[in-house]
file run-v3.cif (mmCIF, C-alpha atoms)
data_upload
loop_
_atom_site.group_PDB
_atom_site.id
_atom_site.type_symbol
_atom_site.label_atom_id
_atom_site.label_comp_id
_atom_site.auth_asym_id
_atom_site.auth_seq_id
_atom_site.Cartn_x
_atom_site.Cartn_y
_atom_site.Cartn_z
ATOM 1 C CA MET A 1 -14.099 -13.470 -5.891
ATOM 2 C CA ASP A 2 -16.838 -11.482 -7.637
ATOM 3 C CA ARG A 3 -16.917 -7.677 -7.909
ATOM 4 C CA ILE A 4 -19.344 -7.279 -5.011
ATOM 5 C CA GLY A 5 -17.101 -9.362 -2.760
ATOM 6 C CA LEU A 6 -14.082 -7.314 -3.795
ATOM 7 C CA GLY A 7 -15.973 -4.097 -3.136
ATOM 8 C CA ILE A 8 -17.065 -5.188 0.331
ATOM 9 C CA GLY A 9 -13.532 -6.375 1.096
ATOM 10 C CA PHE A 10 -12.139 -3.020 -0.008
ATOM 11 C CA ILE A 11 -14.576 -1.137 2.211
ATOM 12 C CA CYS A 12 -13.650 -3.346 5.177
ATOM 13 C CA LEU A 13 -9.972 -2.835 4.483
ATOM 14 C CA LEU A 14 -10.411 0.914 4.711
ATOM 15 C CA GLY A 15 -12.129 0.534 8.064
ATOM 16 C CA ASN A 16 -15.445 1.820 6.703
ATOM 17 C CA CYS A 17 -18.179 -0.029 8.564
ATOM 18 C CA LEU A 18 -20.924 0.302 5.944
ATOM 19 C CA PHE A 19 -21.413 -3.461 5.732
ATOM 20 C CA GLY A 20 -20.898 -4.343 9.391
ATOM 21 C CA CYS A 21 -17.123 -4.632 9.107
ATOM 22 C CA SER A 22 -15.315 -3.829 12.331
ATOM 23 C CA GLU A 23 -11.782 -4.634 11.244
ATOM 24 C CA SER A 24 -9.156 -1.960 10.796
ATOM 25 C CA ILE A 25 -6.218 -2.098 8.426
ATOM 26 C CA GLY A 26 -3.966 -3.194 11.296
ATOM 27 C CA ALA A 27 -6.239 -5.803 12.887
ATOM 28 C CA PRO A 28 -4.267 -9.076 13.035
ATOM 29 C CA LYS A 29 -5.829 -11.934 11.061
ATOM 30 C CA ASP A 30 -5.985 -15.631 11.798
ATOM 31 C CA LYS A 31 -5.047 -18.235 9.166
ATOM 32 C CA LYS A 32 -8.574 -18.149 7.730
ATOM 33 C CA GLY A 33 -8.602 -14.345 7.375
ATOM 34 C CA GLY A 34 -10.788 -13.654 10.429
ATOM 35 C CA THR A 35 -9.788 -11.282 13.206
ATOM 36 C CA MET A 36 -7.599 -13.006 15.800
ATOM 37 C CA LYS A 37 -8.733 -13.020 19.409
ATOM 38 C CA TYR A 38 -6.273 -11.917 22.050
ATOM 39 C CA GLU A 39 -6.398 -11.680 25.825
ATOM 40 C CA VAL A 40 -6.288 -7.873 25.572
ATOM 41 C CA GLN A 41 -9.143 -6.613 23.374
ATOM 42 C CA LYS A 42 -9.740 -2.934 22.642
ATOM 43 C CA SER A 43 -11.528 -1.035 19.924
ATOM 44 C CA GLU A 44 -9.366 0.987 17.555
ATOM 45 C CA GLU A 45 -10.661 4.153 19.269
ATOM 46 C CA GLU A 46 -9.488 2.785 22.636
ATOM 47 C CA TRP A 47 -6.075 1.953 21.140
ATOM 48 C CA LYS A 48 -5.824 5.493 19.720
ATOM 49 C CA LYS A 49 -6.450 6.919 23.194
ATOM 50 C CA ALA A 50 -3.979 4.547 24.885
ATOM 51 C CA LEU A 51 -1.087 4.920 22.416
ATOM 52 C CA SER A 52 0.832 7.883 21.034
ATOM 53 C CA PRO A 53 0.209 8.581 17.329
ATOM 54 C CA GLU A 54 3.592 7.008 16.464
ATOM 55 C CA GLN A 55 2.898 3.930 18.603
ATOM 56 C CA TYR A 56 -0.547 3.555 17.042
ATOM 57 C CA ARG A 57 0.914 3.807 13.516
ATOM 58 C CA ILE A 58 3.476 1.115 14.284
ATOM 59 C CA ILE A 59 1.628 -1.224 16.663
ATOM 60 C CA ARG A 60 -1.870 -1.130 15.162
ATOM 61 C CA GLU A 61 -1.201 -0.166 11.523
ATOM 62 C CA LYS A 62 1.935 -2.314 11.136
ATOM 63 C CA GLY A 63 4.257 0.593 10.491
ATOM 64 C CA THR A 64 7.968 0.908 11.189
ATOM 65 C CA GLU A 65 10.227 3.548 12.633
ATOM 66 C CA ARG A 66 13.231 4.883 10.740
ATOM 67 C CA ALA A 67 16.436 2.940 11.317
ATOM 68 C CA PHE A 68 18.752 4.181 14.073
ATOM 69 C CA THR A 69 16.104 6.549 15.515
ATOM 70 C CA GLY A 70 14.351 4.351 18.089
ATOM 71 C CA GLU A 71 14.625 5.023 21.809
ATOM 72 C CA TYR A 72 15.978 1.546 22.641
ATOM 73 C CA TYR A 73 18.351 0.918 19.750
ATOM 74 C CA TYR A 74 21.379 2.048 21.798
ATOM 75 C CA ASN A 75 20.043 0.941 25.212
ATOM 76 C CA LYS A 76 22.581 -1.219 27.067
ATOM 77 C CA GLU A 77 20.871 -1.281 30.484
ATOM 78 C CA LYS A 78 19.781 -4.544 32.098
ATOM 79 C CA GLY A 79 16.072 -5.176 32.275
ATOM 80 C CA LYS A 80 12.972 -6.373 30.481
ATOM 81 C CA TYR A 81 11.336 -5.133 27.303
ATOM 82 C CA LEU A 82 7.546 -5.021 27.565
ATOM 83 C CA CYS A 83 4.832 -4.498 24.968
ATOM 84 C CA ALA A 84 4.089 -0.752 24.813
ATOM 85 C CA ALA A 85 0.426 -1.528 24.160
ATOM 86 C CA CYS A 86 -0.391 -4.071 26.877
ATOM 87 C CA GLY A 87 2.643 -4.469 29.151
ATOM 88 C CA ALA A 88 3.341 -8.132 28.349
ATOM 89 C CA GLU A 89 6.966 -9.178 28.849
ATOM 90 C CA LEU A 90 8.466 -9.768 25.396
ATOM 91 C CA PHE A 91 12.285 -9.777 25.555
ATOM 92 C CA ASN A 92 15.102 -9.672 28.114
ATOM 93 C CA SER A 93 18.164 -7.452 27.827
ATOM 94 C CA ASP A 94 20.322 -10.600 28.104
ATOM 95 C CA THR A 95 19.202 -11.580 24.590
ATOM 96 C CA LYS A 96 19.627 -8.109 23.030
ATOM 97 C CA TYR A 97 22.593 -7.689 20.713
ATOM 98 C CA GLU A 98 24.043 -5.206 18.236
ATOM 99 C CA SER A 99 22.897 -6.352 14.808
ATOM 100 C CA GLY A 100 23.749 -3.171 12.935
ATOM 101 C CA SER A 101 20.222 -3.161 11.484
ATOM 102 C CA GLY A 102 19.126 0.118 13.098
ATOM 103 C CA TRP A 103 16.472 -1.460 15.329
ATOM 104 C CA PRO A 104 16.717 -3.185 18.717
ATOM 105 C CA SER A 105 17.549 -6.815 17.999
ATOM 106 C CA PHE A 106 17.096 -9.896 20.158
ATOM 107 C CA TYR A 107 17.934 -13.531 19.485
ATOM 108 C CA LYS A 108 14.938 -14.940 21.391
ATOM 109 C CA PRO A 109 11.739 -13.851 23.160
ATOM 110 C CA ALA A 110 11.425 -13.831 26.954
ATOM 111 C CA ALA A 111 9.227 -16.949 26.760
ATOM 112 C CA ASP A 112 8.134 -19.261 23.949
ATOM 113 C CA LYS A 113 4.610 -17.858 24.062
ATOM 114 C CA SER A 114 5.533 -14.153 24.410
ATOM 115 C CA VAL A 115 5.257 -13.498 20.694
ATOM 116 C CA GLN A 116 3.463 -14.909 17.675
ATOM 117 C CA SER A 117 4.485 -14.765 14.062
ATOM 118 C CA GLU A 118 2.746 -14.684 10.720
ATOM 119 C CA THR A 119 3.749 -14.303 7.098
ATOM 120 C CA ASP A 120 3.955 -10.702 5.888
ATOM 121 C CA THR A 121 3.895 -10.198 2.108
ATOM 122 C CA SER A 122 3.694 -6.396 2.149
ATOM 123 C CA HIS A 123 6.103 -4.151 0.268
ATOM 124 C CA GLY A 124 6.807 -6.743 -2.432
ATOM 125 C CA MET A 125 8.678 -9.171 -0.177
ATOM 126 C CA THR A 126 7.956 -12.105 2.100
ATOM 127 C CA ARG A 127 8.966 -11.710 5.751
ATOM 128 C CA THR A 128 7.920 -13.111 9.100
ATOM 129 C CA GLU A 129 6.047 -10.545 11.163
ATOM 130 C CA VAL A 130 6.301 -10.637 14.974
ATOM 131 C CA LEU A 131 3.194 -9.855 17.055
ATOM 132 C CA CYS A 132 2.599 -9.556 20.787
ATOM 133 C CA ALA A 133 0.845 -12.783 21.792
ATOM 134 C CA ARG A 134 -1.230 -10.950 24.418
ATOM 135 C CA CYS A 135 -2.678 -8.059 22.372
ATOM 136 C CA GLY A 136 -1.750 -8.794 18.744
ATOM 137 C CA GLY A 137 0.256 -5.582 18.363
ATOM 138 C CA HIS A 138 2.830 -5.382 15.575
ATOM 139 C CA LEU A 139 6.364 -5.490 16.988
ATOM 140 C CA GLY A 140 8.594 -5.948 13.947
ATOM 141 C CA HIS A 141 9.984 -8.918 12.018
ATOM 142 C CA VAL A 142 12.172 -11.954 12.665
ATOM 143 C CA PHE A 143 14.963 -13.028 10.306
ATOM 144 C CA PRO A 144 17.110 -16.201 10.168
ATOM 145 C CA ASP A 145 20.440 -14.303 10.308
ATOM 146 C CA GLY A 146 20.934 -13.882 14.052
ATOM 147 C CA PRO A 147 23.555 -15.221 16.439
ATOM 148 C CA GLU A 148 23.646 -18.578 18.167
ATOM 149 C CA PRO A 149 22.057 -20.236 20.035
ATOM 150 C CA THR A 150 18.909 -19.554 17.971
ATOM 151 C CA GLY A 151 20.236 -18.101 14.722
ATOM 152 C CA LEU A 152 17.309 -15.641 14.792
ATOM 153 C CA ARG A 153 17.191 -11.839 14.718
ATOM 154 C CA TYR A 154 14.033 -10.354 16.180
ATOM 155 C CA CYS A 155 14.182 -6.854 14.691
ATOM 156 C CA ILE A 156 11.773 -4.838 16.859
ATOM 157 C CA ASN A 157 10.502 -1.256 16.714
ATOM 158 C CA SER A 158 11.355 0.755 19.845
ATOM 159 C CA ALA A 159 7.891 2.332 19.658
ATOM 160 C CA SER A 160 6.413 -1.137 20.256
ATOM 161 C CA LEU A 161 8.391 -1.505 23.483
ATOM 162 C CA LYS A 162 8.628 -0.160 27.016
ATOM 163 C CA PHE A 163 11.762 -0.830 29.031
ATOM 164 C CA LYS A 164 11.643 -1.880 32.682
ATOM 165 C CA LYS A 165 15.063 -1.563 34.302
ATOM 166 C CA ASP A 166 16.196 -4.371 36.641
#
call {"tool": "encode", "arguments": {"input": "run-v3.cif", "output": "structure tokens"}}
result
Amino acid sequence: MDRIGLGIGFICLLGNCLFGCSESIGAPKDKKGGTMKYEVQKSEEEWKKALSPEQYRIIREKGTERAFTGEYYYNKEKGKYLCAACGAELFNSDTKYESGSGWPSFYKPAADKSVQSETDTSHGMTRTEVLCARCGGHLGHVFPDGPEPTGLRYCINSASLKFKKD
């Protein structure tokens, strides 16, 4: 890529719309680098109004909460875990387990199409990021060290979730 292309890319990355860029740092990308389209579409200003500052940092800017501090880490009640941004059902309490990781952990989503995943190479490592399939919000990461029957550990930020008690 030439210097002009790098410069324009840098400006877009910072969310500066000088060259018609409308993407924010946290806007999910498709496999070709374009912004993904989701059922729930809002501008970043709308997301900022709808979410708390902590939720916005985690859900839209792909942040994380400190281990063992999240509202739902110790939750043992029966119910459903919904996306804090759009209300989509993501996980059931029946699949929640104590992983010792410091974040709510589940071994499978509520439905096959509840979440999406993409490769995350931030922070000098390669992980699999988990996104809400309805709004594209960052939820956490999935790791291949969970219990049977799936062998997966969906490590999810409490700030990305709302709990609906059965």
call {"tool": "residues_near_point", "arguments": {"input": "run-v3.cif", "point": "(10.4, -11.0, 19.4)", "cutoff": "9 Å", "atoms": "only C-alpha atoms", "output": "number ranges by chain"}}
result
A: 90-91, 105-110, 114-117, 130-132, 139-142, 153-156
call {"tool": "write_last_selection", "arguments": {"input": "run-v3.cif", "atoms": "C-alpha atoms", "output": "short mmCIF file (atom, residue, chain, number, x, y, z; two decimals), in the coordinates of the input"}}
result
data_model
loop_
_atom_site.label_atom_id
_atom_site.label_comp_id
_atom_site.auth_asym_id
_atom_site.auth_seq_id
_atom_site.Cartn_x
_atom_site.Cartn_y
_atom_site.Cartn_z
CA LEU A 90 8.47 -9.77 25.40
CA PHE A 91 12.28 -9.78 25.56
CA SER A 105 17.55 -6.82 18.00
CA PHE A 106 17.10 -9.90 20.16
CA TYR A 107 17.93 -13.53 19.48
CA LYS A 108 14.94 -14.94 21.39
CA PRO A 109 11.74 -13.85 23.16
CA ALA A 110 11.42 -13.83 26.95
CA SER A 114 5.53 -14.15 24.41
CA VAL A 115 5.26 -13.50 20.69
CA GLN A 116 3.46 -14.91 17.68
CA SER A 117 4.49 -14.76 14.06
CA VAL A 130 6.30 -10.64 14.97
CA LEU A 131 3.19 -9.86 17.06
CA CYS A 132 2.60 -9.56 20.79
CA LEU A 139 6.36 -5.49 16.99
CA GLY A 140 8.59 -5.95 13.95
CA HIS A 141 9.98 -8.92 12.02
CA VAL A 142 12.17 -11.95 12.66
CA ARG A 153 17.19 -11.84 14.72
CA TYR A 154 14.03 -10.35 16.18
CA CYS A 155 14.18 -6.85 14.69
CA ILE A 156 11.77 -4.84 16.86
#
call {"tool": "atom_distance", "arguments": {"input": "run-v3.cif", "atom1": "atom CA of Arg127 of chain A", "atom2": "atom CA of Pro144 of chain A"}}
result
10.3 Å
call {"tool": "residues_around", "arguments": {"input": "run-v3.cif", "residues": "segment 44-52 of chain A", "least_positions_apart": "3", "cutoff": "7 Å", "atoms": "only C-alpha atoms", "output": "ChimeraX atom specification"}}
result
/A:55-56,85
call {"tool": "closest_residue", "arguments": {"input": "run-v3.cif", "among": "A:Arg66, A:Lys42, A:Lys113, A:Lys165", "to": "Ser93 of chain A", "atoms": "all atoms listed in the file"}}
result
A:Lys165
call {"tool": "resolve_selection", "arguments": {"input": "run-v3.cif", "expression": "the PyMOL selection byres ((chain A and resi 77-83) around 8)", "output": "ChimeraX atom specification"}}
result
/A:75-76,84-94,132,160-166
call {"tool": "closest_residue", "arguments": {"input": "run-v3.cif", "among": "A:Glu61, A:Thr95, A:Cys135, A:Trp103", "to": "Gly151 of chain A", "atoms": "all atoms listed in the file"}}
result
A:Thr95
call {"tool": "closest_residue", "arguments": {"input": "run-v3.cif", "among": "A:Ala159, A:Lys37, A:Leu152, A:Ala133", "to": "Lys96 of chain A", "atoms": "all atoms listed in the file"}}
result
A:Leu152
call {"tool": "atom_distance", "arguments": {"input": "run-v3.cif", "atom1": "atom CA of Lys62 of chain A", "atom2": "atom CA of Pro149 of chain A"}}
result
28.4 Å
call {"tool": "axis_aligned_box", "arguments": {"input": "run-v3.cif", "around": "segment 52-68 of chain A", "padding_each_side": "5 Å", "output": "lines of an AutoDock Vina configuration file"}}
result
center_x = 8.4
center_y = 3.1
center_z = 15.8
size_x = 30.6
size_y = 20.9
size_z = 20.5
call {"tool": "decode", "arguments": {"input": "run-v3.cif", "residues": "segment 87-102 of chain A", "atoms": "all heavy atoms", "output": "PDB file, in the first residue's frame"}}
result
ATOM      1  N   GLY A  87     -30.417  -6.895  22.690  1.00  0.00           N
ATOM      2  CA  GLY A  87     -31.407  -7.785  23.286  1.00  0.00           C
ATOM      3  C   GLY A  87     -31.489  -9.169  22.691  1.00  0.00           C
ATOM      4  O   GLY A  87     -32.330  -9.969  23.116  1.00  0.00           O
ATOM      5  N   ALA A  88     -30.642  -9.509  21.735  1.00  0.00           N
ATOM      6  CA  ALA A  88     -30.668 -10.848  21.137  1.00  0.00           C
ATOM      7  C   ALA A  88     -30.291 -11.897  22.180  1.00  0.00           C
ATOM      8  O   ALA A  88     -29.412 -11.670  23.012  1.00  0.00           O
ATOM      9  CB  ALA A  88     -29.695 -10.921  19.960  1.00  0.00           C
ATOM     10  N   GLU A  89     -30.961 -13.043  22.142  1.00  0.00           N
ATOM     11  CA  GLU A  89     -30.618 -14.131  23.061  1.00  0.00           C
ATOM     12  C   GLU A  89     -29.298 -14.766  22.616  1.00  0.00           C
ATOM     13  O   GLU A  89     -29.164 -15.197  21.470  1.00  0.00           O
ATOM     14  CB  GLU A  89     -31.723 -15.186  23.089  1.00  0.00           C
ATOM     15  CG  GLU A  89     -31.470 -16.265  24.112  1.00  0.00           C
ATOM     16  CD  GLU A  89     -32.596 -17.293  24.201  1.00  0.00           C
ATOM     17  OE1 GLU A  89     -33.747 -16.964  23.855  1.00  0.00           O
ATOM     18  OE2 GLU A  89     -32.293 -18.428  24.596  1.00  0.00           O
ATOM     19  N   LEU A  90     -28.338 -14.819  23.536  1.00  0.00           N
ATOM     20  CA  LEU A  90     -26.997 -15.311  23.205  1.00  0.00           C
ATOM     21  C   LEU A  90     -26.662 -16.646  23.863  1.00  0.00           C
ATOM     22  O   LEU A  90     -26.149 -17.544  23.206  1.00  0.00           O
ATOM     23  CB  LEU A  90     -25.950 -14.277  23.614  1.00  0.00           C
ATOM     24  CG  LEU A  90     -26.076 -12.899  22.977  1.00  0.00           C
ATOM     25  CD1 LEU A  90     -25.086 -11.937  23.611  1.00  0.00           C
ATOM     26  CD2 LEU A  90     -25.868 -12.984  21.475  1.00  0.00           C
ATOM     27  N   PHE A  91     -26.920 -16.762  25.163  1.00  0.00           N
ATOM     28  CA  PHE A  91     -26.533 -17.950  25.930  1.00  0.00           C
ATOM     29  C   PHE A  91     -27.614 -18.279  26.944  1.00  0.00           C
ATOM     30  O   PHE A  91     -28.364 -17.403  27.366  1.00  0.00           O
ATOM     31  CB  PHE A  91     -25.209 -17.714  26.682  1.00  0.00           C
ATOM     32  CG  PHE A  91     -24.047 -17.410  25.784  1.00  0.00           C
ATOM     33  CD1 PHE A  91     -23.683 -16.098  25.531  1.00  0.00           C
ATOM     34  CD2 PHE A  91     -23.321 -18.423  25.182  1.00  0.00           C
ATOM     35  CE1 PHE A  91     -22.616 -15.795  24.699  1.00  0.00           C
ATOM     36  CE2 PHE A  91     -22.259 -18.135  24.345  1.00  0.00           C
ATOM     37  CZ  PHE A  91     -21.903 -16.825  24.107  1.00  0.00           C
ATOM     38  N   ASN A  92     -27.681 -19.556  27.335  1.00  0.00           N
ATOM     39  CA  ASN A  92     -28.592 -20.012  28.381  1.00  0.00           C
ATOM     40  C   ASN A  92     -27.791 -20.357  29.627  1.00  0.00           C
ATOM     41  O   ASN A  92     -26.649 -20.823  29.530  1.00  0.00           O
ATOM     42  CB  ASN A  92     -29.363 -21.257  27.923  1.00  0.00           C
ATOM     43  CG  ASN A  92     -30.321 -20.948  26.805  1.00  0.00           C
ATOM     44  OD1 ASN A  92     -31.091 -19.998  26.883  1.00  0.00           O
ATOM     45  ND2 ASN A  92     -30.266 -21.734  25.745  1.00  0.00           N
ATOM     46  N   SER A  93     -28.406 -20.166  30.787  1.00  0.00           N
ATOM     47  CA  SER A  93     -27.711 -20.484  32.040  1.00  0.00           C
ATOM     48  C   SER A  93     -27.346 -21.963  32.126  1.00  0.00           C
ATOM     49  O   SER A  93     -26.391 -22.314  32.820  1.00  0.00           O
ATOM     50  CB  SER A  93     -28.567 -20.077  33.234  1.00  0.00           C
ATOM     51  OG  SER A  93     -29.800 -20.764  33.226  1.00  0.00           O
ATOM     52  N   ASP A  94     -28.078 -22.827  31.424  1.00  0.00           N
ATOM     53  CA  ASP A  94     -27.774 -24.263  31.441  1.00  0.00           C
ATOM     54  C   ASP A  94     -26.393 -24.578  30.869  1.00  0.00           C
ATOM     55  O   ASP A  94     -25.845 -25.644  31.145  1.00  0.00           O
ATOM     56  CB  ASP A  94     -28.824 -25.050  30.641  1.00  0.00           C
ATOM     57  CG  ASP A  94     -30.203 -24.994  31.273  1.00  0.00           C
ATOM     58  OD1 ASP A  94     -30.315 -24.612  32.454  1.00  0.00           O
ATOM     59  OD2 ASP A  94     -31.173 -25.332  30.576  1.00  0.00           O
ATOM     60  N   THR A  95     -25.849 -23.673  30.056  1.00  0.00           N
ATOM     61  CA  THR A  95     -24.538 -23.922  29.449  1.00  0.00           C
ATOM     62  C   THR A  95     -23.427 -23.096  30.103  1.00  0.00           C
ATOM     63  O   THR A  95     -22.288 -23.134  29.654  1.00  0.00           O
ATOM     64  CB  THR A  95     -24.563 -23.629  27.938  1.00  0.00           C
ATOM     65  OG1 THR A  95     -24.810 -22.230  27.732  1.00  0.00           O
ATOM     66  CG2 THR A  95     -25.615 -24.462  27.221  1.00  0.00           C
ATOM     67  N   LYS A  96     -23.763 -22.377  31.177  1.00  0.00           N
ATOM     68  CA  LYS A  96     -22.774 -21.578  31.911  1.00  0.00           C
ATOM     69  C   LYS A  96     -22.046 -22.506  32.882  1.00  0.00           C
ATOM     70  O   LYS A  96     -22.651 -23.377  33.490  1.00  0.00           O
ATOM     71  CB  LYS A  96     -23.456 -20.442  32.667  1.00  0.00           C
ATOM     72  CG  LYS A  96     -22.501 -19.466  33.330  1.00  0.00           C
ATOM     73  CD  LYS A  96     -23.277 -18.304  33.940  1.00  0.00           C
ATOM     74  CE  LYS A  96     -22.362 -17.233  34.477  1.00  0.00           C
ATOM     75  NZ  LYS A  96     -21.819 -17.514  35.780  1.00  0.00           N
ATOM     76  N   TYR A  97     -20.759 -22.300  33.032  1.00  0.00           N
ATOM     77  CA  TYR A  97     -19.989 -23.124  33.959  1.00  0.00           C
ATOM     78  C   TYR A  97     -18.860 -22.300  34.565  1.00  0.00           C
ATOM     79  O   TYR A  97     -18.514 -21.231  34.074  1.00  0.00           O
ATOM     80  CB  TYR A  97     -19.449 -24.379  33.263  1.00  0.00           C
ATOM     81  CG  TYR A  97     -18.336 -24.116  32.279  1.00  0.00           C
ATOM     82  CD1 TYR A  97     -17.006 -24.314  32.638  1.00  0.00           C
ATOM     83  CD2 TYR A  97     -18.603 -23.658  30.996  1.00  0.00           C
ATOM     84  CE1 TYR A  97     -15.977 -24.056  31.742  1.00  0.00           C
ATOM     85  CE2 TYR A  97     -17.583 -23.409  30.101  1.00  0.00           C
ATOM     86  CZ  TYR A  97     -16.275 -23.616  30.482  1.00  0.00           C
ATOM     87  OH  TYR A  97     -15.265 -23.354  29.591  1.00  0.00           O
ATOM     88  N   GLU A  98     -18.291 -22.793  35.631  1.00  0.00           N
ATOM     89  CA  GLU A  98     -17.199 -22.125  36.331  1.00  0.00           C
ATOM     90  C   GLU A  98     -15.883 -22.532  35.675  1.00  0.00           C
ATOM     91  O   GLU A  98     -15.418 -23.643  35.835  1.00  0.00           O
ATOM     92  CB  GLU A  98     -17.202 -22.531  37.811  1.00  0.00           C
ATOM     93  CG  GLU A  98     -16.075 -21.944  38.609  1.00  0.00           C
ATOM     94  CD  GLU A  98     -16.023 -20.431  38.533  1.00  0.00           C
ATOM     95  OE1 GLU A  98     -17.049 -19.790  38.809  1.00  0.00           O
ATOM     96  OE2 GLU A  98     -14.959 -19.905  38.178  1.00  0.00           O
ATOM     97  N   SER A  99     -15.308 -21.599  34.919  1.00  0.00           N
ATOM     98  CA  SER A  99     -14.058 -21.893  34.218  1.00  0.00           C
ATOM     99  C   SER A  99     -12.838 -21.446  35.002  1.00  0.00           C
ATOM    100  O   SER A  99     -11.722 -21.857  34.698  1.00  0.00           O
ATOM    101  CB  SER A  99     -14.048 -21.195  32.853  1.00  0.00           C
ATOM    102  OG  SER A  99     -13.946 -19.786  33.033  1.00  0.00           O
ATOM    103  N   GLY A 100     -13.052 -20.569  35.984  1.00  0.00           N
ATOM    104  CA  GLY A 100     -11.930 -20.027  36.736  1.00  0.00           C
ATOM    105  C   GLY A 100     -11.205 -18.913  36.008  1.00  0.00           C
ATOM    106  O   GLY A 100     -10.195 -18.409  36.479  1.00  0.00           O
ATOM    107  N   SER A 101     -11.738 -18.487  34.858  1.00  0.00           N
ATOM    108  CA  SER A 101     -11.073 -17.484  34.025  1.00  0.00           C
ATOM    109  C   SER A 101     -11.294 -16.057  34.523  1.00  0.00           C
ATOM    110  O   SER A 101     -10.529 -15.163  34.186  1.00  0.00           O
ATOM    111  CB  SER A 101     -11.568 -17.580  32.584  1.00  0.00           C
ATOM    112  OG  SER A 101     -12.935 -17.200  32.510  1.00  0.00           O
ATOM    113  N   GLY A 102     -12.369 -15.839  35.288  1.00  0.00           N
ATOM    114  CA  GLY A 102     -12.694 -14.491  35.749  1.00  0.00           C
ATOM    115  C   GLY A 102     -13.803 -13.831  34.957  1.00  0.00           C
ATOM    116  O   GLY A 102     -14.211 -12.711  35.267  1.00  0.00           O
TER     117      GLY A 102
END
